[in-house]
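> Data file work36.cif (mmCIF, C-alpha atoms) is appended below.
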```
data_model
#
loop_
_atom_site.label_atom_id
_atom_site.label_comp_id
_atom_site.auth_asym_id
_atom_site.auth_seq_id
_atom_site.Cartn_x
_atom_site.Cartn_y
_atom_site.Cartn_z
CA MET O 655 0.00 0.00 0.00
CA TYR O 656 1.27 3.46 -0.93
CA VAL O 657 0.75 5.93 1.91
CA GLY O 658 1.30 9.69 2.01
CA VAL O 659 1.64 11.90 5.07
CA THR O 660 1.28 15.68 4.96
CA GLY O 661 2.75 17.68 7.82
CA ALA O 662 5.38 15.01 8.37
CA SER O 663 7.74 17.39 10.17
CA GLY O 664 5.27 18.22 12.96
CA PHE O 665 4.74 16.46 16.28
CA LEU O 666 1.88 14.27 15.09
CA GLY O 667 3.35 13.77 11.61
CA LYS O 668 6.76 12.65 12.86
CA ASN O 669 5.30 10.09 15.24
CA LEU O 670 2.90 8.79 12.61
CA THR O 671 5.62 8.49 9.97
CA ASN O 672 7.93 6.64 12.35
CA ALA O 673 5.15 4.18 13.22
CA LEU O 674 4.23 3.60 9.57
CA HIS O 675 7.86 2.85 8.69
CA GLN O 676 7.70 -0.08 11.13
CA LEU O 677 4.98 -1.68 9.01
CA THR O 678 6.53 -3.52 6.08
CA GLU O 679 3.41 -3.53 3.91
CA PHE O 680 3.53 0.25 3.50
CA LYS O 681 5.58 2.41 1.19
CA ILE O 682 5.69 5.87 2.75
CA THR O 683 5.89 9.25 1.02
CA THR O 684 6.05 12.38 3.15
CA LEU O 685 5.24 16.00 2.52
CA LYS O 686 7.07 18.29 4.91
CA ARG O 687 6.57 21.99 5.43
CA SER O 688 8.67 24.03 3.03
CA SER O 689 11.15 26.65 4.20
CA SER O 690 8.58 29.30 3.33
CA GLY O 691 5.98 27.54 5.48
CA LYS O 692 3.50 27.47 2.60
CA PHE O 693 1.60 24.41 1.43
CA PRO O 694 2.43 23.50 -2.20
CA GLU O 695 0.30 24.63 -5.11
CA ILE O 696 -1.92 22.05 -6.84
CA ASN O 697 0.40 21.24 -9.75
CA ARG O 698 3.35 20.77 -7.40
CA LEU O 699 1.49 18.02 -5.56
CA LYS O 700 1.28 15.70 -8.58
CA SER O 701 4.31 13.57 -7.70
CA PHE O 702 3.11 13.30 -4.11
CA VAL O 703 -0.46 12.13 -4.71
CA GLU O 704 -0.46 10.20 -8.01
CA ASP O 705 0.33 6.69 -6.70
CA LEU O 706 -1.20 6.90 -3.23
CA ASP O 707 -3.84 4.56 -1.82
CA LEU O 708 -4.08 6.39 1.50
CA ILE O 709 -3.31 9.93 2.66
CA TYR O 710 -2.95 11.09 6.22
CA HIS O 711 -3.65 14.82 6.03
CA VAL O 712 -1.95 16.00 9.19
CA ALA O 713 -0.58 19.34 7.97
CA GLY O 714 -2.12 22.41 9.56
CA VAL O 715 -1.43 25.73 11.25
CA ASN O 716 -2.81 26.48 14.69
CA ARG O 717 -0.62 29.46 15.61
CA GLY O 718 0.27 32.46 13.48
CA THR O 719 -1.44 35.34 11.75
CA ASN O 720 -5.05 34.99 10.67
CA GLU O 721 -3.89 34.69 7.07
CA GLU O 722 -1.40 31.95 7.94
CA ILE O 723 -4.07 29.98 9.80
CA LEU O 724 -6.58 30.35 6.94
CA LYS O 725 -4.13 29.39 4.21
CA GLY O 726 -2.40 26.70 6.27
CA ASN O 727 -5.66 24.85 6.83
CA ILE O 728 -8.40 25.69 4.32
CA GLN O 729 -6.22 26.51 1.29
CA ALA O 730 -3.92 23.58 2.01
CA THR O 731 -6.83 21.15 2.18
CA PHE O 732 -8.36 22.57 -0.98
CA ASN O 733 -5.06 22.26 -2.87
CA LEU O 734 -4.61 18.67 -1.70
CA LEU O 735 -8.11 17.62 -2.75
CA GLU O 736 -7.80 19.28 -6.15
CA ALA O 737 -4.47 17.56 -6.73
CA ILE O 738 -6.02 14.19 -5.87
CA ARG O 739 -8.87 14.85 -8.30
CA LYS O 740 -6.47 15.73 -11.09
CA TYR O 741 -3.64 13.27 -10.49
CA GLY O 742 -4.67 10.71 -7.88
CA LYS O 743 -6.73 7.55 -7.56
CA SER O 744 -10.50 7.83 -7.15
CA SER O 745 -10.32 4.96 -4.63
CA LEU O 746 -7.95 6.84 -2.34
CA ARG O 747 -8.81 7.12 1.38
CA ILE O 748 -8.17 10.31 3.37
CA ILE O 749 -7.58 10.34 7.12
CA PHE O 750 -7.86 13.93 8.32
CA THR O 751 -6.76 15.14 11.75
CA SER O 752 -9.30 17.67 12.90
CA SER O 753 -9.70 19.07 16.41
CA SER O 754 -12.05 19.22 19.38
CA GLN O 755 -11.96 22.98 18.78
CA VAL O 756 -14.68 22.58 16.14
CA TYR O 757 -17.14 22.17 19.01
CA LYS O 758 -18.60 24.95 21.08
CA LYS O 759 -17.22 24.68 24.58
CA THR O 760 -19.56 23.63 27.33
CA LYS O 761 -19.81 24.74 30.95
CA GLN O 762 -20.19 21.08 31.89
CA PRO O 763 -16.69 19.62 31.38
CA GLU O 764 -17.81 16.22 32.63
CA LYS O 765 -20.38 16.00 29.85
CA LEU O 766 -19.12 13.87 26.98
CA ILE O 767 -19.61 15.44 23.57
CA THR O 768 -20.67 13.13 20.75
CA GLU O 769 -20.22 13.73 17.03
CA THR O 770 -23.85 14.91 16.81
CA TYR O 771 -23.15 17.87 19.09
CA LYS O 772 -23.28 21.13 17.18
CA ALA O 773 -19.96 22.14 15.63
CA GLU O 774 -19.79 25.83 16.42
CA PRO O 775 -16.09 26.81 16.66
CA GLU O 776 -15.07 29.67 18.93
CA THR O 777 -11.58 30.12 17.50
CA LEU O 778 -10.30 30.86 14.00
CA PHE O 779 -8.34 27.61 14.10
CA GLY O 780 -11.56 25.73 14.89
CA VAL O 781 -13.35 27.50 12.04
CA THR O 782 -10.65 26.50 9.56
CA LYS O 783 -10.66 22.89 10.76
CA LYS O 784 -14.43 22.71 10.35
CA ALA O 785 -14.19 24.22 6.86
CA SER O 786 -11.51 21.66 5.95
CA GLU O 787 -13.77 18.89 7.22
CA ASP O 788 -16.55 20.10 4.95
CA LEU O 789 -14.25 20.21 1.93
CA ILE O 790 -13.25 16.60 2.56
CA ARG O 791 -16.85 15.52 3.21
CA LEU O 792 -17.97 17.05 -0.11
CA SER O 793 -15.01 15.65 -2.07
CA GLY O 794 -16.54 12.21 -2.56
CA PHE O 795 -13.37 10.43 -1.43
CA GLU O 796 -13.50 7.77 1.24
CA HIS O 797 -12.53 9.47 4.47
CA ALA O 798 -12.32 9.50 8.24
CA ILE O 799 -12.37 12.92 9.88
CA ILE O 800 -10.87 12.49 13.34
CA ARG O 801 -11.61 15.20 15.89
CA ILE O 802 -8.77 14.78 18.36
CA ALA O 803 -8.66 15.95 21.98
CA ASN O 804 -5.55 17.45 23.61
CA VAL O 805 -2.60 15.39 22.37
CA TYR O 806 0.60 15.25 24.44
CA GLY O 807 3.74 13.18 24.83
CA PRO O 808 7.51 13.17 24.32
CA GLY O 809 8.58 15.64 21.63
CA CYS O 810 5.52 17.86 21.95
CA ARG O 811 6.36 21.55 21.88
CA PRO O 812 5.82 23.50 25.11
CA GLU O 813 4.02 26.85 24.88
CA TYR O 814 2.51 25.74 21.58
CA ASN O 815 -0.28 23.17 21.66
CA SER O 816 0.09 21.06 24.81
CA VAL O 817 -0.36 22.32 28.35
CA ILE O 818 1.08 19.04 29.66
CA ALA O 819 4.24 19.55 27.61
CA THR O 820 4.42 23.14 28.90
CA PHE O 821 4.03 22.03 32.52
CA CYS O 822 6.62 19.26 32.14
CA TYR O 823 9.10 21.55 30.39
CA LYS O 824 8.76 24.31 32.99
CA SER O 825 8.91 21.90 35.92
CA VAL O 826 12.11 20.30 34.66
CA ASN O 827 13.62 23.74 34.06
CA LYS O 828 12.49 24.98 37.51
CA LYS O 829 10.19 27.63 36.09
CA THR O 830 6.91 28.73 37.65
CA LEU O 831 3.73 27.22 36.21
CA ARG O 832 1.44 30.21 35.66
CA ILE O 833 -2.15 29.07 35.37
CA ASP O 834 -4.76 31.48 34.04
CA GLY O 835 -7.60 30.60 36.41
CA ASP O 836 -7.89 28.42 39.50
CA GLY O 837 -6.55 25.23 37.94
CA HIS O 838 -9.82 23.36 38.26
CA GLN O 839 -10.56 23.80 34.55
CA LYS O 840 -10.58 20.42 32.82
CA ARG O 841 -9.37 19.04 29.52
CA ASP O 842 -9.59 15.74 27.66
CA PHE O 843 -5.98 14.55 27.31
CA ILE O 844 -4.81 11.72 25.06
CA TYR O 845 -1.31 10.30 24.72
CA ILE O 846 0.47 10.42 21.37
CA GLU O 847 0.97 6.63 21.03
CA ASP O 848 -2.75 6.02 21.48
CA VAL O 849 -3.52 8.60 18.79
CA ILE O 850 -1.06 7.04 16.34
CA LYS O 851 -2.47 3.55 16.85
CA ALA O 852 -5.96 4.92 16.25
CA MET O 853 -4.91 6.65 13.04
CA ILE O 854 -3.27 3.51 11.67
CA LEU O 855 -6.39 1.48 12.44
CA ALA O 856 -8.56 4.05 10.64
CA GLY O 857 -6.30 3.99 7.61
CA THR O 858 -5.96 0.23 7.31
CA GLN O 859 -9.43 -1.11 8.05
CA LYS O 860 -10.48 -3.00 4.92
CA LYS O 861 -13.96 -4.35 5.65
CA HIS O 862 -16.96 -2.37 6.84
CA PHE O 863 -15.18 0.99 6.70
CA VAL O 864 -17.61 3.87 7.15
CA SER O 865 -16.70 7.38 6.01
CA GLY O 866 -17.57 10.10 8.49
CA VAL O 867 -16.63 12.09 11.57
CA TYR O 868 -15.08 10.41 14.61
CA ASN O 869 -14.09 11.79 18.01
CA LEU O 870 -10.83 10.63 19.52
CA GLY O 871 -10.24 11.14 23.21
CA ASN O 872 -10.08 9.42 26.57
CA ASN O 873 -13.77 9.82 27.44
CA ARG O 874 -12.83 11.69 30.61
CA ALA O 875 -11.92 15.19 31.75
CA THR O 876 -8.81 15.91 33.84
CA SER O 877 -8.17 19.16 35.69
CA LEU O 878 -4.91 21.09 35.39
CA ARG O 879 -4.43 20.59 39.13
CA GLN O 880 -4.59 16.83 38.57
CA VAL O 881 -1.88 17.11 35.91
CA ILE O 882 0.31 19.08 38.32
CA SER O 883 -0.35 16.51 41.05
CA ASN O 884 0.89 13.78 38.70
CA ILE O 885 4.09 15.72 38.07
CA LYS O 886 4.66 16.18 41.81
CA SER O 887 4.05 12.47 42.46
CA LEU O 888 7.09 11.73 40.29
CA GLY O 889 9.37 13.59 42.70
CA ILE O 890 9.48 16.90 40.84
CA LYS O 891 9.27 20.14 42.81
CA VAL O 892 6.70 22.38 41.19
CA LYS O 893 6.19 26.12 41.62
CA GLU O 894 2.62 27.21 40.83
CA SER O 895 0.93 30.54 40.35
CA TYR O 896 -2.84 30.93 39.85
CA SER O 897 -4.69 34.01 38.64
CA GLN O 898 -7.78 35.46 40.31
CA ASN O 899 -9.83 35.16 37.14
CA THR O 900 -11.85 32.14 38.24
CA SER O 901 -14.02 32.24 35.12
CA THR O 902 -11.07 31.63 32.83
CA GLY O 903 -10.84 28.16 31.39
CA LYS O 904 -13.94 26.73 33.03
CA ASN O 905 -15.49 25.98 29.68
CA SER O 906 -14.07 22.88 28.05
CA VAL O 907 -14.83 19.88 25.85
CA SER O 908 -14.56 16.19 26.71
CA LEU O 909 -15.01 13.92 23.73
CA ASP O 910 -17.09 10.77 23.56
CA ALA O 911 -15.00 8.42 21.43
CA THR O 912 -17.49 5.54 21.53
CA ARG O 913 -18.13 5.66 17.77
CA PHE O 914 -14.42 5.36 16.96
CA ARG O 915 -13.88 2.62 19.54
CA LYS O 916 -16.66 0.49 18.10
CA GLN O 917 -15.83 1.10 14.45
CA PHE O 918 -12.09 0.46 14.68
CA LYS O 919 -11.86 -1.77 17.77
CA TRP O 920 -9.59 0.75 19.52
CA THR O 921 -8.98 1.49 23.20
CA PRO O 922 -6.47 3.98 24.64
CA LYS O 923 -3.82 2.17 26.68
CA THR O 924 -1.81 4.95 28.35
CA THR O 925 -2.82 6.31 31.75
CA LEU O 926 -2.27 9.98 32.52
CA ARG O 927 0.39 9.09 35.10
CA SER O 928 2.35 6.99 32.59
CA GLY O 929 1.99 9.60 29.86
CA VAL O 930 3.13 12.44 32.12
CA LYS O 931 6.07 10.34 33.33
CA ASN O 932 7.20 9.61 29.77
CA THR O 933 6.89 13.27 28.83
CA LEU O 934 8.82 14.41 31.90
CA LEU O 935 11.63 11.92 31.23
CA TRP O 936 11.92 13.18 27.67
CA PHE O 937 12.31 16.79 28.82
CA GLN O 938 14.80 15.75 31.50
CA LYS O 939 16.95 14.13 28.82
CA GLU O 940 16.72 17.29 26.73
CA VAL O 941 17.99 19.36 29.65
CA THR O 942 21.06 17.15 30.11
CA ARG O 943 22.03 17.22 26.43
#
```
Starting from the file, give its structure as structure tokens.


Amino acid sequence: MYVGVTGASGFLGKNLTNALHQLTEFKITTLKRSSSGKFPEINRLKSFVEDLDLIYHVAGVNRGTNEEILKGNIQATFNLLEAIRKYGKSSLRIIFTSSSQVYKKTKQPEKLITETYKAEPETLFGVTKKASEDLIRLSGFEHAIIRIANVYGPGCRPEYNSVIATFCYKSVNKKTLRIDGDGHQKRDFIYIEDVIKAMILAGTQKKHFVSGVYNLGNNRATSLRQVISNIKSLGIKVKESYSQNTSTGKNSVSLDATRFRKQFKWTPKTTLRSGVKNTLLWFQKEVTR
């Protein structure tokens, strides 16, 4: 099977590519971000898409100017789909990594959000992910749109897209953890290895595959204070600072991944304690290098 991965230089893309290379039945082609940071034009994608049976569309921009976020998500997805139409196989399957940010946040963090919950993004990034989903849904290609919760693990960039990575990095470097709010705000965290296994299952299922939207999370909400407690339990001294804005961060989203679990026979294996430990150890090694 010929498999392509966009965004192969990012946190998710690197881990996915490494895992795919361990599977001998796959021939992997990657599309990394160019030095300019721009996604290739349609005609420049011909050599990438023309032989592929499966594409993992992982490329995306979640930080930057409004223009960079719009072009890095919507324009990139449009270019990819047009290139597939012109140069690729009609039987190709697309696995797209979307985000829990397509959902409107709820004031009930314990409430599990299913795929039928209204997608009403509150951030520009969420808007662009939802628009990209719609482009893929309308394309006619076989697809799985995976709305992923908060991914973390070794190699994740602090101060970018993982609060657990940020906390681990700062703790190891003896910096104060500054929490905007009281720390009781909750998130749905999922470890990188569990995400990668899920993506491979979605890409390789041969019988009874159903195109559509799937949530991917742990089916539970964890507070930031619980994350910090896990770091402390591993013998790390943590300095914390909380703001007085108790309303900040109370709204959140916890995903109900029942549909994905049933469809692809998947269950997350990594506990929060194990995931935090692995992430901490990775940052500790980085400090000693």

> I want to know what sits within 10 Å of Lys828 (chain O), based on all atoms listed in the file, with residues of the same chain fewer than 3 positions away left out; could you give that as a ChimeraX atom specification?

/O:822-825,831,890-893

> Which one is closest to Gly807 (chain O): O:Tyr656, O:Ile767, O:Ser883, O:Thr820? Count all atoms listed in the file.

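Ranked by minimum distance to Gly807 (chain O), first place goes to O:Thr820.
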
> I want to know what sits within 8 Å of region 792-795 of chain O, based on all atoms listed in the file, with residues of the same chain fewer than 2 positions away left out; could you give that as a PyMOL selection string?

chain O and resi 735+744-748+788-790+797

> Evaluate the PyMOL selection byres ((chain O and resi 686) around 9) and record the selected residues as a ChimeraX atom specification, following the chain and residue labels used in the document.

/O:659-664,667,684-685,687-688,693,713

> Residues of the last selection are to be written out with C-alpha atoms, as a JSON list (two decimals), keeping the file's coordinate frame.


```json
[["chain", "number", "residue", "atom", "x", "y", "z"],
["O", 659, "VAL", "CA", 1.64, 11.90, 5.07],
["O", 660, "THR", "CA", 1.28, 15.68, 4.96],
["O", 661, "GLY", "CA", 2.75, 17.68, 7.82],
["O", 662, "ALA", "CA", 5.38, 15.01, 8.37],
["O", 663, "SER", "CA", 7.74, 17.39, 10.17],
["O", 664, "GLY", "CA", 5.27, 18.22, 12.96],
["O", 667, "GLY", "CA", 3.35, 13.77, 11.61],
["O", 684, "THR", "CA", 6.05, 12.38, 3.15],
["O", 685, "LEU", "CA", 5.24, 16.00, 2.52],
["O", 687, "ARG", "CA", 6.57, 21.99, 5.43],
["O", 688, "SER", "CA", 8.67, 24.03, 3.03],
["O", 693, "PHE", "CA", 1.60, 24.41, 1.43],
["O", 713, "ALA", "CA", -0.58, 19.34, 7.97]]
```

> Which residue out of O:Gln839, O:Thr925, O:Thr912, O:Asn884 has the minimum interatomic distance to Glu764 (chain O) when only C-alpha atoms are used?

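Looking at the shortest contact to Glu764 (chain O), the residue is O:Gln839.
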
> Starting from the shown file, work through the PyMOL selection byres ((chain O and resi 730) around 12) and note down what comes out as a VMD selection string.

chain O and resid 660 to 661 685 687 691 to 696 699 711 to 715 722 to 729 731 to 737 782 to 783 785 to 786 789 to 790

> Quick one: contact table of region 822-906 of chain O to region 801-806 of chain O, 8 Å max, nearest atom pair and distance in Å to one decimal per residue, counting all atoms listed in the file, chain and number order, as CSV?


```
residue,atom,partner,partner_atom,distance
O:Arg841,CA,O:Asn804,CA,7.2
O:Asp842,CA,O:Ala803,CA,5.8
O:Phe843,CA,O:Asn804,CA,4.7
O:Ile844,CA,O:Val805,CA,5.1
O:Tyr845,CA,O:Tyr806,CA,5.3
O:Ile846,CA,O:Tyr806,CA,5.7
O:Val849,CA,O:Val805,CA,7.7
O:Val867,CA,O:Arg801,CA,7.3
O:Tyr868,CA,O:Arg801,CA,6.1
O:Asn869,CA,O:Arg801,CA,4.7
O:Leu870,CA,O:Ile802,CA,4.8
O:Gly871,CA,O:Ala803,CA,5.2
```

> Can you work out the spacing between CA of Gly780 (chain O) and CA of Lys758 (chain O) in Å, to one decimal?

9.4 Å

> Counting all atoms listed in the file, which residue out of O:Gln755, O:Thr858, O:Ser701, O:Gln898 sits closest to Glu776 (chain O)?

O:Gln755

> Hey, can you check how far CA of Lys668 (chain O) sits from CA of Ser908 (chain O)?

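Atom-to-atom, CA of Lys668 (chain O) and CA of Ser908 (chain O) are spaced 25.7 Å apart.
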
> Kindly indicate which residue among O:Lys931, O:Arg791, O:Arg879, O:Lys919 lies nearest to Asp836 (chain O), using all atoms listed in the file for the distances.

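Once distances to Asp836 (chain O) are computed over all atoms listed in the file, the minimum belongs to O:Arg879.
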
> What lies within 8 Å of Ile799 (chain O) using all atoms listed in the file, ignoring chain neighbours under 3 positions off, as a PyMOL selection string?

chain O and resi 749-752+787+866-868

> Nearest residue to Val781 (chain O) out of O:Ala798, O:Val756, O:Val864, O:Val907, using all atoms listed in the file?

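Closest to Val781 (chain O), using all atoms listed in the file: O:Val756.
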
> What does the distance between CA of Glu894 (chain O) and CA of Leu926 (chain O) come to in Å, to one decimal place?

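These atoms are spaced 19.7 Å apart.
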
> Under the rule that only C-alpha atoms are counted, which of O:Ala819, O:Val657, O:Met853, O:Ala673 is the nearest residue to Phe702 (chain O)?

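The shortest atom-to-atom distance to Phe702 (chain O) comes from O:Val657.
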
> Near Ser895 (chain O), within 9 Å and counting all atoms listed in the file, which residues show up once chain neighbours fewer than 2 positions away are dropped, as an MDAnalysis selection string?

chainID O and resid 830:834 893 897

> Evaluate the PyMOL selection byres ((chain O and resi 856) around 9) and record the selected residues as an mmCIF file with C-alpha atoms, keeping the file's coordinate frame, following the chain and residue labels used in the document.


```cif
data_model
loop_
_atom_site.group_PDB
_atom_site.id
_atom_site.type_symbol
_atom_site.label_atom_id
_atom_site.label_comp_id
_atom_site.auth_asym_id
_atom_site.auth_seq_id
_atom_site.Cartn_x
_atom_site.Cartn_y
_atom_site.Cartn_z
ATOM 1 C CA ILE O 749 -7.580 10.340 7.120
ATOM 2 C CA ALA O 798 -12.320 9.500 8.240
ATOM 3 C CA LYS O 851 -2.470 3.550 16.850
ATOM 4 C CA ALA O 852 -5.960 4.920 16.250
ATOM 5 C CA MET O 853 -4.910 6.650 13.040
ATOM 6 C CA ILE O 854 -3.270 3.510 11.670
ATOM 7 C CA LEU O 855 -6.390 1.480 12.440
ATOM 8 C CA GLY O 857 -6.300 3.990 7.610
ATOM 9 C CA THR O 858 -5.960 0.230 7.310
ATOM 10 C CA GLN O 859 -9.430 -1.110 8.050
ATOM 11 C CA PHE O 863 -15.180 0.990 6.700
ATOM 12 C CA PHE O 914 -14.420 5.360 16.960
ATOM 13 C CA GLN O 917 -15.830 1.100 14.450
ATOM 14 C CA PHE O 918 -12.090 0.460 14.680
#
```

> List as a list in words: which residues have an atom within 12 Å of (11.2, 10.3, 37.7), counting only C-alpha atoms?

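Residues close enough to count: Cys822, Ser825, Val826, Asn884, Ile885, Lys886, Ser887, Leu888, Gly889, Ile890, Lys891, Arg927, Ser928, Val930, Lys931, Asn932, Thr933, Leu934, Leu935, Trp936, Phe937, Gln938 and Lys939 of chain O.
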